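Novice: Take a look at this one; I'll ask things after.
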Number of protein chains: 2
Amino acid sequence: MNNSKPVRPELREKVLRAVEETGFQPNAIARSLVSKETRIIGVMIPDISNNFYSNLLYGIDSVISEFDYSMFLAISDEAVEKERKYLRLFKEKQLDGIILSSIHFLEGHSQTLHEIEVPVVVTGHDLHGYQIPTVNVNNVQAAYDATAYLIGLGHRRIACISGPLWDPPCGLDRMGGYRKAMRAHGLPIPEGFVAEGDFTAKSAYEAAKRIFEEQERPTAIFVATDLMAVGVLNFLHDEGIRVPDDVSVMGFDNLEIASLTRPMLTTVHNDPYMYGRAAGEQLLKQLRGETVERMSTVPHDLVIRQSVKALV
Amino acid sequence: MNNSKPVRPELREKVLRAVEETGFQPNAIARSLVSKETRIIGVMIPDISNNFYSNLLYGIDSVISEFDYSMFLAISDEAVEKERKYLRLFKEKQLDGIILSSIHFLEGHSQTLHEIEVPVVVTGHDLHGYQIPTVNVNNVQAAYDATAYLIGLGHRRIACISGPLWDPPCGLDRMGGYRKAMRAHGLPIPEGFVAEGDFTAKSAYEAAKRIFEEQERPTAIFVATDLMAVGVLNFLHDEGIRVPDDVSVMGFDNLEIASLTRPMLTTVHNDPYMYGRAAGEQLLKQLRGETVERMSTVPHDLVIRQSVKALV
DNA sequence: GTGAAAGCGCTAACAC
DNA sequence: GTGTTAGCGCTTTCAC
């Protein structure tokens with residue numbers, strides 16, 4: 001049946017017929033026990049209701065399913081405890097490879113990662129000092145580019161709403177890129193011009209409210225994720241502040257929603273689907289025994305829509 | 001280790017210490033081979049990038065993970081061939097239970113479902129004539145209620161953009177509820193007032209464009225999914241037609257996006273998370289050997305926001 | 001209480 | 001080419 005040996009045609013016929021008649025289906029569990037291979041990839045994400053991660057999954061699935069791997073999905077809910085539990089489970093279930101996205105426990109629990117004996121790819125974290133391959137966008141550079149674009153359009157008073165600090169890529173890095181760009185152009189960052197959101201549109205709505213209570217309002221605002229940018233857009237809409245005439249808004253991610261808002265969101269393209277594909281490909285390479293780069297960076301670029309305007 | 005037998009405390013100590021020292025981890029594959037249980041649930045959905053399904057997954061995961069089941073995810077991409085492949089895989093992998101969402105192959109390939117020997121729950125399809133438990137909203141009734149609400153507000157010329165016909169719940173059923181409500185109130189349905197979308201915002205944008213080319217424009221429009229309703233909202237915005245002053249828009253699903261649009265979308269609450277929870281609970285019941293109702297209906301209700309206005 | 005042995009369904013290695 | 005067997009790592013059964 002597995003074509004592992006040459007067989008006489010008539011015998012093959014007979015076997016195939018028997019299979020047909022009895023409705024025989026192989027037991028993958030027993031097979032895995034001896035072959036030491038499950039053809040299942042474990043994927044861990046913090047939050048599936050977030051469009052970013054669901055598209056990441058889509059990207060991963062699209063490449064691994066091509067090679068007859070399937071997906072074991074673990075949702076950690078951002079709980080370190082669950083992350084460790086699932087990591088243990090991944091090992092017990094003898095999964096062939098693991099993709100970890102935006103995990104929390106890195107600091108302090110790093111040893112757990114070393115104990116894993118199967119190929120791993122980490123995404124959403126710069127993992128300096130590890131031998132584990134990572135897939136990331138250059139968040140600092142992307143945020144820098146976005147801010148520099150705003151500056152190039154004549155904006156001087158630019159505010160920033162970052163992601164939460166516990167998520168370094170969306171918090172530290174994107175905020176860092178913004179600061180770097182401002183500094184590089186000799187622009188001041190008034191204290192009230194930076195705020196931290198928690199990924200929800202609501203948190204950004206509130207943050208924008210605080211920013212716009214400042215004496216001097218910004219003419220542009222860089223928001224670390226599209227979903228939060230929608231929150232900002234909504235705040236401005238509700239206040240009767242026009243976008244982009246009164247204030248420009250720059251997002252980050254280029255989620256589906258970015259092209260559904262009015263005005264449509266100018267944003268940084270950071271396609272989680274391509275992200276997932278890259279992570280999947282890195283993992284497959286390892287599975288095939290090929291060597292992989294320690295860090296792969298997926299390219300980003302600016303998507304110019306309607307929410308940003310040049311200052312005259 | 002499994003506490004299957006009473007043991008002398010000192011021996012237990014010794015074993016536990018050995019486990020600690022050697023870093024022993026049980027092999028779930030070998031265990032499953034003899035126990036005939038994997039504690040894995042197979043979940044099949046057509047499209048993970050769709051927020052509806054990712055929230056469905058979230059709901060499923062939230063109940064099964066509580067009972068130490070995990071999720072094997074299969075994305076069918078709406079391809080019947082893949083659906084059958086994964087169903088076979090589910091069986092080979094000896095998964096303990098299966099949740100099928102919005103599958104396509106039902107008609108004509110029904111026997112495949114009967115061959116499954118593990119508990120199954122189907123969602124997104126009314127499966128009349130099967131013994132398989134289903135979890136659904138009453139789409140006809142919900143669409144009826146939404147339309148009747150519009151009528152109660154004084155609207156007479158009401159258009160409808162349904163889901164694709166290959167998806168009975170969003171296509172046939174929601175359109176059916178609309179027609180039923182119109183008929184019940186003695187209102188005509190001009191030919192140009194009904195259109196079929198394909199779930200994308202873009203398809204609804206185009207459908208709305210066609211509807212608004214009619215001689216007599218509608219005063220309200222019922223759209224079978226929120227994402228498509230956003231497409232309609234955007235068309236109206238781009239045309240300078242005011243919502244809800246010139247035309248009212250009613251959505252369906254109550255996705256996150258419904259509260260992020262301006263005006264905020266009045267819609268039918270059809271929480272995929274609760275949907276997923278219900279499906280997970282039905283499956284767990286079967287797993288425990290309890291009997292389950294053949295059909296469970298999750299409740300729907302109207303969420304009144306800003307996109308619908310009473311006619312004076 | 002404890003240790004030994006059978007066997008889950010498969011693959012790989014080996015004799016015929 | 002073909003049939004037989006050992007053994008993957010566990011649980012269960014049975015004898016001690």
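How things are named: the first chain in the structure tokens is A, the next is B, and so on; residues count from 1 in each chain; ligands count from 1 in the order shown.
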Near chain C, which residues of chain B fall within 7 Å when you count only C-alpha atoms (C1' of nucleotides), and what do they look like as number ranges by chain?
Specialist: B: 7, 33-34
Novice: Restrict the calculation to only C-alpha atoms, then for each residue of chain B with any atom at most 9 Å from an atom of chain A give the closest atom pair and their distance in Å to one decimal, rows by chain and rising residue number, as a Markdown table.
Specialist:
```
| residue | atom | partner | partner_atom | distance |
| --- | --- | --- | --- | --- |
| B:Gln25 | CA | A:Glu92 | CA | 6.5 |
| B:Pro26 | CA | A:Glu92 | CA | 6.0 |
| B:Asn27 | CA | A:Glu92 | CA | 5.1 |
| B:Ala28 | CA | A:Lys93 | CA | 5.0 |
| B:Ile29 | CA | A:Lys93 | CA | 6.0 |
| B:Ala30 | CA | A:Leu33 | CA | 6.1 |
| B:Ser32 | CA | A:Ile29 | CA | 7.2 |
| B:Leu33 | CA | A:Ile29 | CA | 6.1 |
| B:Thr38 | CA | A:Ile29 | CA | 9.0 |
| B:Ile40 | CA | A:Phe72 | CA | 8.9 |
| B:Asp47 | CA | A:Tyr58 | CA | 8.2 |
| B:Ile48 | CA | A:Ser54 | CA | 6.0 |
| B:Ser49 | CA | A:Asn55 | CA | 5.2 |
| B:Asn50 | CA | A:Asn51 | CA | 8.1 |
| B:Asn51 | CA | A:Asn51 | CA | 6.6 |
| B:Phe52 | CA | A:Ser49 | CA | 8.8 |
| B:Tyr53 | CA | A:Ser49 | CA | 9.0 |
| B:Ser54 | CA | A:Ser49 | CA | 5.6 |
| B:Asn55 | CA | A:Ser49 | CA | 5.2 |
| B:Leu56 | CA | A:Ser49 | CA | 8.7 |
| B:Leu57 | CA | A:Ile48 | CA | 7.6 |
| B:Tyr58 | CA | A:Ile48 | CA | 6.2 |
| B:Asp61 | CA | A:Ile75 | CA | 7.6 |
| B:Ser62 | CA | A:Ile75 | CA | 9.0 |
| B:Ser70 | CA | A:Ala74 | CA | 7.2 |
| B:Met71 | CA | A:Leu73 | CA | 5.5 |
| B:Phe72 | CA | A:Phe72 | CA | 4.5 |
| B:Leu73 | CA | A:Met71 | CA | 5.5 |
| B:Ala74 | CA | A:Met71 | CA | 7.1 |
| B:Ile75 | CA | A:Asp61 | CA | 7.7 |
| B:Arg88 | CA | A:Gln25 | CA | 8.4 |
| B:Leu89 | CA | A:Ala28 | CA | 8.5 |
| B:Lys91 | CA | A:Gln25 | CA | 8.0 |
| B:Glu92 | CA | A:Asn27 | CA | 5.0 |
| B:Lys93 | CA | A:Ala28 | CA | 5.0 |
| B:Gln94 | CA | A:Ile29 | CA | 7.1 |
| B:Ala201 | CA | A:Leu260 | CA | 8.0 |
| B:Val230 | CA | A:Leu260 | CA | 7.1 |
| B:Gly231 | CA | A:Leu260 | CA | 7.4 |
| B:Asn234 | CA | A:Arg262 | CA | 7.2 |
| B:His237 | CA | A:Arg262 | CA | 7.8 |
| B:Asp238 | CA | A:Arg262 | CA | 8.7 |
| B:Ile257 | CA | A:Ile257 | CA | 8.0 |
| B:Leu260 | CA | A:Val230 | CA | 7.1 |
| B:Thr261 | CA | A:Thr261 | CA | 7.2 |
| B:Arg262 | CA | A:Asn234 | CA | 7.2 |
```
Novice: Identify every residue of chain D that has at least one atom within 8 Å of any atom of chain B, counting only C-alpha atoms (C1' of nucleotides), and report the result as a list in words.
Specialist: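 Every residue of chain D that passes the 8 Å test is in DC8, DG9, DC10 and DT11 of chain D.
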Novice: Kindly give the distance, in Å, that separates CA of Val312 in chain A and CA of Pro218 in chain A, rounded to a single decimal.
Specialist: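 Distance between the two atoms: 15.1 Å.
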Novice: Please report, as number ranges by chain, each residue of range 10-185 of chain B to which DSSP assigns alpha helix (DSSP H) when run on this structure's backbone.
Specialist: B: 10-22, 28-35, 51-64, 80-92, 110-115, 139-152, 174-184
Novice: Among range 103-197 of chain A, which ones does DSSP assign to strand (DSSP E or B) (computed from the backbone)? Answer as a list in words.
Specialist: Val120, Val121, Val122, Thr123, Thr134, Val135, Asn136, Ile158, Ala159, Cys160, Ile161, Ser162, Val194, Ala195 and Glu196 of chain A
Novice: Restricting it to N, CA, C and O atoms, dump the selection as a PDB file, in the first residue's frame.
Specialist:
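Output file again26.pdb follows:
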```pdb
ATOM      1  N   VAL A 120      11.895  24.971  15.488  1.00  0.00           N
ATOM      2  CA  VAL A 120      11.045  26.048  15.997  1.00  0.00           C
ATOM      3  C   VAL A 120      11.270  27.297  15.151  1.00  0.00           C
ATOM      4  O   VAL A 120      12.391  27.545  14.692  1.00  0.00           O
ATOM      5  N   VAL A 121      10.226  28.053  14.940  1.00  0.00           N
ATOM      6  CA  VAL A 121      10.374  29.386  14.383  1.00  0.00           C
ATOM      7  C   VAL A 121       9.611  30.339  15.293  1.00  0.00           C
ATOM      8  O   VAL A 121       8.502  30.027  15.724  1.00  0.00           O
ATOM      9  N   VAL A 122      10.236  31.449  15.615  1.00  0.00           N
ATOM     10  CA  VAL A 122       9.577  32.430  16.474  1.00  0.00           C
ATOM     11  C   VAL A 122       9.277  33.666  15.645  1.00  0.00           C
ATOM     12  O   VAL A 122      10.123  34.115  14.862  1.00  0.00           O
ATOM     13  N   THR A 123       8.084  34.202  15.795  1.00  0.00           N
ATOM     14  CA  THR A 123       7.742  35.413  15.065  1.00  0.00           C
ATOM     15  C   THR A 123       7.147  36.436  16.025  1.00  0.00           C
ATOM     16  O   THR A 123       6.561  36.079  17.034  1.00  0.00           O
ATOM     17  N   THR A 134      14.084  33.477  13.628  1.00  0.00           N
ATOM     18  CA  THR A 134      12.939  34.362  13.826  1.00  0.00           C
ATOM     19  C   THR A 134      12.497  34.946  12.493  1.00  0.00           C
ATOM     20  O   THR A 134      13.278  35.041  11.551  1.00  0.00           O
ATOM     21  N   VAL A 135      11.252  35.315  12.442  1.00  0.00           N
ATOM     22  CA  VAL A 135      10.701  36.006  11.278  1.00  0.00           C
ATOM     23  C   VAL A 135      10.053  37.284  11.786  1.00  0.00           C
ATOM     24  O   VAL A 135       9.193  37.226  12.661  1.00  0.00           O
ATOM     25  N   ASN A 136      10.468  38.385  11.278  1.00  0.00           N
ATOM     26  CA  ASN A 136       9.957  39.662  11.775  1.00  0.00           C
ATOM     27  C   ASN A 136       9.989  40.731  10.694  1.00  0.00           C
ATOM     28  O   ASN A 136      10.724  40.619   9.730  1.00  0.00           O
ATOM     29  N   ILE A 158       3.887  65.999  15.576  1.00  0.00           N
ATOM     30  CA  ILE A 158       3.400  64.642  15.309  1.00  0.00           C
ATOM     31  C   ILE A 158       3.283  63.874  16.619  1.00  0.00           C
ATOM     32  O   ILE A 158       4.250  63.767  17.366  1.00  0.00           O
ATOM     33  N   ALA A 159       2.101  63.337  16.855  1.00  0.00           N
ATOM     34  CA  ALA A 159       1.888  62.531  18.064  1.00  0.00           C
ATOM     35  C   ALA A 159       2.028  61.051  17.722  1.00  0.00           C
ATOM     36  O   ALA A 159       2.092  60.673  16.554  1.00  0.00           O
ATOM     37  N   CYS A 160       2.088  60.238  18.764  1.00  0.00           N
ATOM     38  CA  CYS A 160       2.245  58.798  18.541  1.00  0.00           C
ATOM     39  C   CYS A 160       1.481  58.010  19.591  1.00  0.00           C
ATOM     40  O   CYS A 160       1.557  58.301  20.789  1.00  0.00           O
ATOM     41  N   ILE A 161       0.719  57.032  19.131  1.00  0.00           N
ATOM     42  CA  ILE A 161       0.091  56.090  20.060  1.00  0.00           C
ATOM     43  C   ILE A 161       0.705  54.726  19.775  1.00  0.00           C
ATOM     44  O   ILE A 161       0.540  54.171  18.688  1.00  0.00           O
ATOM     45  N   SER A 162       1.426  54.201  20.749  1.00  0.00           N
ATOM     46  CA  SER A 162       2.140  52.938  20.539  1.00  0.00           C
ATOM     47  C   SER A 162       1.297  51.774  21.019  1.00  0.00           C
ATOM     48  O   SER A 162       0.242  51.941  21.638  1.00  0.00           O
ATOM     49  N   VAL A 194       2.816  61.489  23.332  1.00  0.00           N
ATOM     50  CA  VAL A 194       2.993  60.039  23.215  1.00  0.00           C
ATOM     51  C   VAL A 194       2.086  59.328  24.203  1.00  0.00           C
ATOM     52  O   VAL A 194       1.941  59.739  25.349  1.00  0.00           O
ATOM     53  N   ALA A 195       1.462  58.267  23.741  1.00  0.00           N
ATOM     54  CA  ALA A 195       0.553  57.512  24.587  1.00  0.00           C
ATOM     55  C   ALA A 195       0.676  56.037  24.248  1.00  0.00           C
ATOM     56  O   ALA A 195       1.166  55.674  23.180  1.00  0.00           O
ATOM     57  N   GLU A 196       0.222  55.223  25.190  1.00  0.00           N
ATOM     58  CA  GLU A 196       0.320  53.781  24.989  1.00  0.00           C
ATOM     59  C   GLU A 196      -1.084  53.198  24.909  1.00  0.00           C
ATOM     60  O   GLU A 196      -1.918  53.454  25.777  1.00  0.00           O
TER      61      GLU A 196
END
```
Novice: Quick one: residues within 9 Å of His104 in chain A, only C-alpha atoms (C1' of nucleotides) counted, chain neighbours fewer than 2 positions away excluded, as a PyMOL selection string?
Specialist: chain A and resi 46+78-80+83+102+106-107+166-167
Novice: Filtering to C-alpha atoms, could you give me those residues as a PDB file, in the first residue's frame?
Specialist:
```pdb
ATOM      1  CA  PRO A  46      -1.954  34.834  21.847  1.00  0.00           C
ATOM      2  CA  GLU A  78      -1.445  35.934  26.583  1.00  0.00           C
ATOM      3  CA  ALA A  79      -1.032  33.787  29.668  1.00  0.00           C
ATOM      4  CA  VAL A  80       2.518  32.638  30.338  1.00  0.00           C
ATOM      5  CA  GLU A  83       2.185  29.069  26.908  1.00  0.00           C
ATOM      6  CA  SER A 102       4.297  36.921  20.143  1.00  0.00           C
ATOM      7  CA  LEU A 106      10.690  34.711  26.732  1.00  0.00           C
ATOM      8  CA  GLU A 107      12.385  36.630  29.443  1.00  0.00           C
ATOM      9  CA  TRP A 166       4.704  44.261  27.091  1.00  0.00           C
ATOM     10  CA  ASP A 167       4.713  43.638  23.356  1.00  0.00           C
TER      11      ASP A 167
END
```
Novice: Near range 286-290 of chain B, within 10 Å and counting only C-alpha atoms (C1' of nucleotides), which residues show up once chain neighbours fewer than 3 positions away are dropped, as a ChimeraX atom specification?
Specialist: /B:96-97,118-121,133,280-283
Novice: For Thr266 in chain A, work out the shell of residues within 7 Å, counting only C-alpha atoms (C1' of nucleotides) and skipping chain neighbours fewer than 4 positions away, then give it as a CSV table (one decimal) with N, CA and C atoms, in the first residue's frame.
Specialist:
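And here's part37.csv as it stands now:
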```
chain,number,residue,atom,x,y,z
A,250,MET,N,-1.8,58.1,10.5
A,250,MET,CA,-1.0,57.1,9.8
A,250,MET,C,-1.2,55.8,10.7
A,251,GLY,N,-1.5,54.7,10.0
A,251,GLY,CA,-1.7,53.4,10.7
A,251,GLY,C,-0.5,52.5,10.6
A,303,VAL,N,1.6,52.3,2.4
A,303,VAL,CA,0.4,52.2,1.5
A,303,VAL,C,-0.3,53.6,1.7
A,304,ILE,N,-0.2,54.4,0.6
A,304,ILE,CA,-0.8,55.7,0.7
A,304,ILE,C,-2.2,55.7,0.3
A,305,ARG,N,-3.1,56.1,1.2
A,305,ARG,CA,-4.5,56.1,0.9
A,305,ARG,C,-5.0,57.6,1.1
A,306,GLN,N,-5.9,57.8,2.1
A,306,GLN,CA,-6.5,59.1,2.1
A,306,GLN,C,-6.3,59.8,3.5
A,307,SER,N,-5.8,59.1,4.5
A,307,SER,CA,-5.9,59.7,5.8
A,307,SER,C,-4.7,60.7,6.1
A,308,VAL,N,-3.8,60.8,5.2
A,308,VAL,CA,-2.6,61.6,5.4
A,308,VAL,C,-2.6,62.7,4.3
```
Novice: Interatomic distance between CA of Gly129 in chain A and CA of Thr112 in chain A?
Specialist: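 Between these atoms lies a distance of 14.6 Å.
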